[in-house]
file final.cif (mmCIF, C-alpha atoms)
data_structure
#
loop_
_atom_site.label_atom_id
_atom_site.label_comp_id
_atom_site.auth_asym_id
_atom_site.auth_seq_id
_atom_site.Cartn_x
_atom_site.Cartn_y
_atom_site.Cartn_z
CA MET A 1 176.61 203.68 -87.76
CA THR A 2 174.73 202.32 -84.77
CA THR A 3 173.97 198.64 -84.57
CA ALA A 4 170.60 197.28 -85.54
CA THR A 5 167.75 196.81 -83.13
CA SER A 6 165.97 193.48 -82.86
CA ASP A 7 162.61 195.03 -83.90
CA ARG A 8 161.05 193.38 -86.91
CA SER A 9 160.67 195.69 -89.86
CA ASN A 10 157.24 197.33 -90.05
CA ILE A 11 157.84 198.60 -93.58
CA GLU A 12 155.16 196.98 -95.67
CA GLY A 13 155.45 196.07 -99.32
CA PRO A 14 152.76 197.10 -101.84
CA ARG A 15 150.89 193.82 -101.32
CA SER A 16 151.37 190.14 -100.66
CA CYS A 17 149.77 187.06 -102.12
CA GLN A 18 149.06 183.53 -100.93
CA MET A 19 149.68 180.47 -103.07
CA LEU A 20 150.76 176.88 -102.51
CA GLY A 21 150.22 177.50 -98.80
CA LEU A 22 152.87 180.23 -98.70
CA ARG A 23 152.95 184.01 -98.54
CA PHE A 24 154.93 185.99 -101.10
CA ASP A 25 155.61 189.73 -101.24
CA ALA A 26 154.59 191.05 -104.64
CA LEU A 27 157.65 193.21 -105.18
CA THR A 28 159.87 194.13 -108.09
CA MET A 29 163.64 194.16 -107.65
CA ALA A 30 163.62 197.95 -107.30
CA GLN A 31 160.91 197.78 -104.63
CA ALA A 32 162.76 195.05 -102.71
CA VAL A 33 165.96 197.12 -102.69
CA GLN A 34 163.99 200.18 -101.61
CA ARG A 35 162.46 198.29 -98.71
CA CYS A 36 165.92 197.12 -97.61
CA ALA A 37 167.24 200.69 -97.80
CA ALA A 38 164.32 201.88 -95.68
CA ALA A 39 165.08 199.22 -93.04
CA LEU A 40 168.71 200.36 -92.94
CA GLU A 41 167.68 203.99 -92.60
CA THR A 42 165.17 203.33 -89.79
CA GLU A 43 167.38 200.72 -88.09
CA ALA A 44 164.64 198.09 -88.33
CA TYR A 45 165.40 194.38 -88.65
CA LEU A 46 164.55 192.90 -92.03
CA GLN A 47 165.06 189.19 -92.72
CA ILE A 48 164.81 188.21 -96.38
CA GLY A 49 163.49 184.86 -97.56
CA VAL A 50 163.73 183.64 -101.16
CA ILE A 51 161.77 180.72 -102.58
CA ASN A 52 162.18 178.71 -105.76
CA ALA A 53 160.37 175.60 -106.99
CA ALA A 54 162.75 173.19 -105.27
CA LYS A 55 162.36 174.96 -101.93
CA VAL A 56 158.56 174.90 -102.20
CA VAL A 57 158.76 171.10 -102.55
CA THR A 58 161.28 170.72 -99.73
CA MET A 59 159.22 172.83 -97.33
CA ARG A 60 156.33 170.40 -97.70
CA ARG A 61 158.32 167.77 -95.79
CA ASP A 62 160.73 169.97 -93.77
CA ARG A 63 158.68 171.80 -91.16
CA GLU A 64 161.66 173.58 -89.61
CA LEU A 65 162.69 175.01 -92.95
CA LYS A 66 159.12 176.10 -93.68
CA ARG A 67 158.85 177.81 -90.30
CA ALA A 68 162.17 179.61 -90.79
CA VAL A 69 161.19 180.86 -94.25
CA THR A 70 157.62 181.86 -93.46
CA GLU A 71 158.82 183.89 -90.46
CA CYS A 72 160.88 186.14 -92.76
CA ASP A 73 159.84 189.77 -93.06
CA MET A 74 160.14 189.85 -96.86
CA ILE A 75 159.57 186.71 -98.95
CA LEU A 76 160.45 186.85 -102.64
CA ALA A 77 160.05 184.61 -105.68
CA ASP A 78 163.58 183.49 -106.46
CA GLY A 79 162.53 181.16 -109.30
CA GLN A 80 160.83 181.92 -112.61
CA ALA A 81 158.66 178.84 -112.17
CA VAL A 82 157.19 180.39 -109.02
CA VAL A 83 156.27 183.55 -110.96
CA TRP A 84 154.59 181.47 -113.69
CA ALA A 85 152.70 179.48 -111.07
CA SER A 86 151.45 182.71 -109.46
CA ARG A 87 149.94 183.77 -112.79
CA MET A 88 148.29 180.41 -113.35
CA LEU A 89 146.76 180.60 -109.87
CA GLY A 90 145.43 184.12 -110.33
CA THR A 91 147.79 185.73 -107.81
CA PRO A 92 150.40 187.19 -110.17
CA LEU A 93 153.77 188.28 -108.85
CA PRO A 94 155.33 191.18 -110.80
CA GLU A 95 158.68 189.53 -111.54
CA ARG A 96 161.33 187.15 -110.37
CA VAL A 97 163.67 188.61 -107.74
CA ALA A 98 166.64 186.26 -107.84
CA GLY A 99 168.58 185.99 -104.60
CA ILE A 100 171.95 186.51 -106.28
CA ASP A 101 170.72 189.60 -108.13
CA LEU A 102 169.31 191.08 -104.94
CA PHE A 103 172.65 190.28 -103.28
CA THR A 104 174.66 192.31 -105.81
CA GLU A 105 172.09 195.12 -105.84
CA LEU A 106 172.36 195.40 -102.05
CA LEU A 107 176.16 195.42 -102.24
CA ALA A 108 175.95 198.35 -104.65
CA GLU A 109 173.43 200.11 -102.39
CA ALA A 110 175.59 199.55 -99.30
CA ALA A 111 178.64 200.95 -101.10
CA ARG A 112 176.65 203.98 -102.24
CA LEU A 113 175.14 204.73 -98.83
CA GLY A 114 178.18 203.83 -96.72
CA TYR A 115 176.79 200.81 -94.85
CA SER A 116 179.10 197.98 -93.81
CA VAL A 117 178.60 194.31 -94.67
CA TYR A 118 179.55 190.91 -93.27
CA PHE A 119 179.97 187.72 -95.30
CA LEU A 120 179.41 184.30 -93.73
CA GLY A 121 179.81 181.02 -95.59
CA ALA A 122 181.69 178.91 -98.16
CA ARG A 123 185.11 177.31 -97.84
CA PRO A 124 187.98 179.62 -96.80
CA GLU A 125 189.60 179.67 -100.25
CA ILE A 126 186.26 180.34 -101.99
CA LEU A 127 185.46 183.08 -99.49
CA ASP A 128 188.82 184.75 -100.20
CA ARG A 129 188.25 184.64 -103.95
CA MET A 130 184.73 186.01 -103.54
CA LEU A 131 186.00 188.87 -101.35
CA GLY A 132 188.56 189.76 -104.01
CA GLU A 133 185.83 189.95 -106.65
CA VAL A 134 183.58 192.03 -104.38
CA ARG A 135 186.39 194.50 -103.69
CA SER A 136 187.04 194.77 -107.41
CA ARG A 137 183.38 195.42 -108.26
CA PHE A 138 182.59 197.65 -105.29
CA PRO A 139 185.78 199.46 -104.24
CA ASP A 140 183.89 201.80 -101.91
CA LEU A 141 182.17 198.97 -100.02
CA ARG A 142 182.93 198.78 -96.30
CA ILE A 143 183.56 195.13 -95.37
CA ALA A 144 183.10 194.75 -91.61
CA GLY A 145 184.18 191.12 -91.56
CA ALA A 146 183.98 187.66 -93.09
CA ARG A 147 184.04 184.07 -91.90
CA ASP A 148 183.81 180.72 -93.66
CA GLY A 149 180.76 178.54 -93.12
CA TYR A 150 182.56 175.62 -91.50
CA PHE A 151 181.60 175.88 -87.87
CA GLY A 152 180.13 173.12 -85.76
CA PRO A 153 176.84 172.70 -83.93
CA GLY A 154 176.79 174.83 -80.82
CA GLU A 155 179.06 177.51 -82.28
CA GLU A 156 176.26 179.52 -83.90
CA ALA A 157 175.81 181.90 -80.96
CA ASP A 158 179.56 182.68 -80.95
CA VAL A 159 179.44 183.39 -84.67
CA ALA A 160 176.49 185.74 -84.15
CA ARG A 161 178.40 187.56 -81.39
CA ASP A 162 181.38 188.02 -83.71
CA ILE A 163 179.11 189.52 -86.35
CA ARG A 164 177.54 191.84 -83.81
CA ALA A 165 181.00 192.97 -82.65
CA SER A 166 181.82 193.92 -86.25
CA ALA A 167 178.87 196.39 -86.26
CA ALA A 168 177.90 195.28 -89.77
CA SER A 169 174.64 196.68 -91.13
CA LEU A 170 174.06 193.90 -93.67
CA LEU A 171 174.72 190.18 -93.28
CA PHE A 172 174.97 187.79 -96.24
CA LEU A 173 175.04 184.01 -95.75
CA GLY A 174 176.60 181.94 -98.53
CA MET A 175 175.44 178.60 -97.14
CA PRO A 176 173.06 175.91 -98.44
CA SER A 177 169.48 175.34 -97.31
CA PRO A 178 168.32 174.68 -94.67
CA LYS A 179 171.46 175.73 -92.77
CA LYS A 180 171.27 179.39 -93.76
CA GLU A 181 167.54 179.70 -93.04
CA LEU A 182 167.85 178.04 -89.63
CA PHE A 183 170.85 180.19 -88.67
CA LEU A 184 169.01 183.39 -89.55
CA SER A 185 165.84 182.24 -87.83
CA GLN A 186 167.69 181.54 -84.59
CA HIS A 187 170.52 184.10 -84.65
CA GLY A 188 169.80 186.68 -87.34
CA ALA A 189 168.40 189.32 -85.01
CA SER A 190 171.13 188.80 -82.39
CA SER A 191 173.80 189.37 -85.06
CA GLY A 192 173.03 193.08 -84.86
CA ALA A 193 172.69 193.41 -88.62
CA ARG A 194 169.70 195.33 -89.95
CA VAL A 195 169.23 193.46 -93.23
CA VAL A 196 170.04 189.74 -93.39
CA HIS A 197 169.93 187.70 -96.57
CA GLY A 198 170.73 184.03 -97.20
CA VAL A 199 172.30 183.98 -100.67
CA GLY A 200 173.06 180.28 -101.02
CA GLY A 201 175.58 179.52 -103.75
CA SER A 202 176.11 183.17 -104.71
CA PHE A 203 179.57 183.19 -103.11
CA ASP A 204 180.58 180.34 -105.43
CA VAL A 205 179.31 182.29 -108.45
CA LEU A 206 181.19 185.48 -107.56
CA ALA A 207 184.31 183.44 -106.82
CA GLY A 208 184.13 181.91 -110.30
CA LEU A 209 183.66 178.36 -109.01
CA THR A 210 180.16 178.07 -110.49
CA LYS A 211 179.09 179.63 -113.77
CA ARG A 212 175.68 181.25 -113.78
CA ALA A 213 173.25 180.50 -116.58
CA PRO A 214 173.03 182.99 -119.47
CA LEU A 215 170.08 185.38 -119.50
CA TRP A 216 168.15 183.31 -122.05
CA TYR A 217 168.06 180.35 -119.65
CA GLN A 218 167.08 182.60 -116.74
CA ARG A 219 164.23 184.27 -118.63
CA HIS A 220 162.81 180.96 -119.81
CA GLY A 221 162.95 179.29 -116.40
CA LEU A 222 165.74 176.92 -117.43
CA GLU A 223 168.48 178.01 -115.05
CA TRP A 224 168.05 174.65 -113.27
CA PHE A 225 168.77 172.85 -116.57
CA TYR A 226 171.96 174.84 -117.12
CA ARG A 227 173.16 174.02 -113.61
CA ALA A 228 172.23 170.35 -114.01
CA ARG A 229 174.37 170.21 -117.16
CA GLN A 230 177.34 171.45 -115.13
CA GLU A 231 176.79 168.86 -112.36
CA PRO A 232 174.61 166.10 -113.87
CA LEU A 233 175.38 163.43 -111.28
CA ARG A 234 174.70 165.65 -108.27
CA LEU A 235 171.89 167.85 -109.59
CA GLY A 236 170.27 166.17 -112.59
CA ARG A 237 168.04 163.64 -110.87
CA ARG A 238 167.27 166.01 -107.98
CA TYR A 239 166.07 168.80 -110.28
CA LEU A 240 163.92 166.44 -112.33
CA ARG A 241 162.32 165.07 -109.17
CA THR A 242 161.62 168.46 -107.55
CA ASN A 243 160.45 170.07 -110.81
CA PHE A 244 157.95 167.26 -111.39
CA ALA A 245 156.74 167.50 -107.79
CA PHE A 246 156.34 171.28 -108.11
CA MET A 247 154.35 171.01 -111.35
CA LEU A 248 152.10 168.42 -109.72
CA MET A 249 151.50 170.73 -106.74
CA VAL A 250 150.61 173.64 -109.03
CA ALA A 251 148.30 171.47 -111.16
CA ARG A 252 146.46 170.24 -108.07
CA GLU A 253 145.99 173.78 -106.78
CA VAL A 254 144.78 175.01 -110.18
CA LEU A 255 142.20 172.20 -110.28
CA ALA A 256 141.15 172.85 -106.69
CA THR A 257 140.74 176.56 -107.43
CA ARG A 258 138.61 175.83 -110.48
CA ARG A 259 136.43 173.35 -108.61
CA HIS A 260 135.93 175.88 -105.84
CA GLY A 261 134.98 178.53 -108.38
CA GLN A 262 132.51 176.22 -110.06
CA ARG A 263 130.89 175.36 -106.74
CA GLY A 264 130.66 179.06 -105.96
CA GLU A 265 128.96 179.78 -109.29
CA LEU A 266 126.50 176.94 -108.81
CA GLY A 267 125.75 178.06 -105.27
CA ALA A 268 125.05 181.57 -106.46
CA GLN A 269 122.32 180.61 -108.95
CA PRO A 270 118.89 181.94 -107.96
CA GLY A 271 116.42 179.35 -106.84
CA GLN A 272 119.05 176.77 -105.81
CA PRO A 273 119.14 175.58 -102.19
CA GLY A 274 121.64 177.61 -100.21
CA SER A 275 122.04 180.18 -103.00
CA GLY A 276 120.41 183.05 -101.15
CA GLY A 277 118.38 183.81 -104.32
CA ASN A 278 114.63 184.34 -104.67
CA ARG A 279 112.54 181.31 -103.88
CA PRO A 280 108.84 180.62 -104.49
CA ARG A 281 106.82 181.57 -101.48
CA GLY A 282 104.59 178.94 -99.94
#

call {"tool": "encode", "arguments": {"input": "final.cif", "output": "structure tokens"}}
result
Amino acid sequence: MTTATSDRSNIEGPRSCQMLGLRFDALTMAQAVQRCAAALETEAYLQIGVINAAKVVTMRRDRELKRAVTECDMILADGQAVVWASRMLGTPLPERVAGIDLFTELLAEAARLGYSVYFLGARPEILDRMLGEVRSRFPDLRIAGARDGYFGPGEEADVARDIRASAASLLFLGMPSPKKELFLSQHGASSGARVVHGVGGSFDVLAGLTKRAPLWYQRHGLEWFYRARQEPLRLGRRYLRTNFAFMLMVAREVLATRRHGQRGELGAQPGQPGSGGNRPRG
């Protein structure tokens, strides 16, 4: 396979929507995978961004993170709360496309089509365990290379050159936010990979370090609660704070949308100043 070009992908999704000051691609999981496969086939560069409720809140105060995410070529709703918010705001997204699920779907697609992958992130021992699980699940997958996520400031360009030398077609970053988003924003294209995806804690899940929430929790938007139960001291207070902030943001936008709609209806009534309706002639 030839290495990827630095051209941004021009493969458009069915539609996009705007809410909470952000753009989302209204894609199902199958459509997202299809768009990635098309980028691989055409050798276009496709950077994936995923957003959940906590990230929406964080991006309000972290401008660099917001810039890195909004520059992505495909932006997906990683959290069920984001999907629910889209419906409340009248811009419904078809479904949640969880980053970890897209990650495993793309691994399966790469194995099927013969594309090579590179893994970047996690501690060395976690990375090794994750690679063992990936090889077990996807025996036909071509692994171009892997590197832990413990490199210092100023080493990012060297890491990107190593990835490019591996000729990997897909790059997965198992690093926390905002590190993964900033790395991809600055060095994703120069890595030579065609499809790049920051998968956060997915390496930990595949390695067995972190247990993912059962489907019932996922479908009811309670995956955060399941994770908080596993790490209450580290995650409990943070999730409560960000969830409350997200609900407040959605409520404010719902009220603003309704007020705007009411003003529009009032302005459209015939005979009212500025309505454009029929007026008595003098």

call {"tool": "residues_around", "arguments": {"input": "final.cif", "residues": "segment 24-34 of chain A", "least_positions_apart": "2", "cutoff": "10 Å", "atoms": "all atoms listed in the file", "output": "count of residues only"}}
result
42

call {"tool": "closest_residue", "arguments": {"input": "final.cif", "among": "A:Phe246, A:Phe172, A:Phe151, A:Phe119", "to": "Gly99 of chain A", "atoms": "all atoms listed in the file"}}
result
A:Phe172

call {"tool": "resolve_selection", "arguments": {"input": "final.cif", "expression": "the PyMOL selection byres ((chain A and resi 140-147) around 8)", "output": "mmCIF file with C-alpha atoms, keeping the file's coordinate frame"}}
result
data_model
loop_
_atom_site.group_PDB
_atom_site.id
_atom_site.type_symbol
_atom_site.label_atom_id
_atom_site.label_comp_id
_atom_site.auth_asym_id
_atom_site.auth_seq_id
_atom_site.Cartn_x
_atom_site.Cartn_y
_atom_site.Cartn_z
ATOM 1 C CA LEU A 107 176.160 195.420 -102.240
ATOM 2 C CA ALA A 108 175.950 198.350 -104.650
ATOM 3 C CA ALA A 110 175.590 199.550 -99.300
ATOM 4 C CA ALA A 111 178.640 200.950 -101.100
ATOM 5 C CA ARG A 112 176.650 203.980 -102.240
ATOM 6 C CA GLY A 114 178.180 203.830 -96.720
ATOM 7 C CA TYR A 115 176.790 200.810 -94.850
ATOM 8 C CA SER A 116 179.100 197.980 -93.810
ATOM 9 C CA VAL A 117 178.600 194.310 -94.670
ATOM 10 C CA TYR A 118 179.550 190.910 -93.270
ATOM 11 C CA PHE A 119 179.970 187.720 -95.300
ATOM 12 C CA LEU A 120 179.410 184.300 -93.730
ATOM 13 C CA GLY A 121 179.810 181.020 -95.590
ATOM 14 C CA PRO A 124 187.980 179.620 -96.800
ATOM 15 C CA LEU A 127 185.460 183.080 -99.490
ATOM 16 C CA ARG A 135 186.390 194.500 -103.690
ATOM 17 C CA PHE A 138 182.590 197.650 -105.290
ATOM 18 C CA PRO A 139 185.780 199.460 -104.240
ATOM 19 C CA ASP A 148 183.810 180.720 -93.660
ATOM 20 C CA GLY A 149 180.760 178.540 -93.120
ATOM 21 C CA ILE A 163 179.110 189.520 -86.350
ATOM 22 C CA SER A 166 181.820 193.920 -86.250
ATOM 23 C CA ALA A 167 178.870 196.390 -86.260
ATOM 24 C CA ALA A 168 177.900 195.280 -89.770
#

call {"tool": "resolve_selection", "arguments": {"input": "final.cif", "expression": "the PyMOL selection byres ((chain A and resi 195) around 8)", "output": "count of residues only"}}
result
14

call {"tool": "atom_distance", "arguments": {"input": "final.cif", "atom1": "atom CA of Lys180 of chain A", "atom2": "atom CA of Gly208 of chain A"}}
result
21.1 Å

call {"tool": "resolve_selection", "arguments": {"input": "final.cif", "expression": "the PyMOL selection byres ((chain A and resi 248-260) around 12)", "output": "PyMOL selection string"}}
result
chain A and resi 18-21+53-54+56-57+60+81-91+241-247+261-267

call {"tool": "closest_residue", "arguments": {"input": "final.cif", "among": "A:Phe203, A:Tyr226, A:Tyr239, A:Tyr217", "to": "Leu131 of chain A", "atoms": "all atoms listed in the file"}}
result
A:Phe203

call {"tool": "atom_distance", "arguments": {"input": "final.cif", "atom1": "atom CA of Gly154 of chain A", "atom2": "atom CA of Ser185 of chain A"}}
result
15.0 Å

call {"tool": "closest_residue", "arguments": {"input": "final.cif", "among": "A:Thr58, A:Ser191, A:Gln186, A:Thr210", "to": "Arg227 of chain A", "atoms": "all atoms listed in the file"}}
result
A:Thr210

call {"tool": "atom_distance", "arguments": {"input": "final.cif", "atom1": "atom CA of Asn52 of chain A", "atom2": "atom CA of Glu223 of chain A"}}
result
11.2 Å

call {"tool": "closest_residue", "arguments": {"input": "final.cif", "among": "A:Ala44, A:Ser136, A:Gln80, A:Met130", "to": "Trp224 of chain A", "atoms": "all atoms listed in the file"}}
result
A:Gln80

call {"tool": "closest_residue", "arguments": {"input": "final.cif", "among": "A:Glu41, A:Glu71, A:Glu133, A:Glu125", "to": "Tyr150 of chain A", "atoms": "all atoms listed in the file"}}
result
A:Glu125

call {"tool": "residues_near_point", "arguments": {"input": "final.cif", "point": "(181.6, 172.7, -113.3)", "cutoff": "8 Å", "atoms": "all atoms listed in the file", "output": "JSON, numbers by chain"}}
result
{"A": [209, 210, 211, 230, 231]}

call {"tool": "axis_aligned_box", "arguments": {"input": "final.cif", "around": "segment 173-182 of chain A", "padding_each_side": "6 Å", "output": "JSON"}}
result
{"center_x": 172.1, "center_y": 179.3, "center_z": -94.1, "size_x": 21.1, "size_y": 21.3, "size_z": 20.9}

call {"tool": "closest_residue", "arguments": {"input": "final.cif", "among": "A:Leu182, A:Leu215, A:Phe225, A:His187", "to": "Leu240 of chain A", "atoms": "only C-alpha atoms"}}
result
A:Phe225
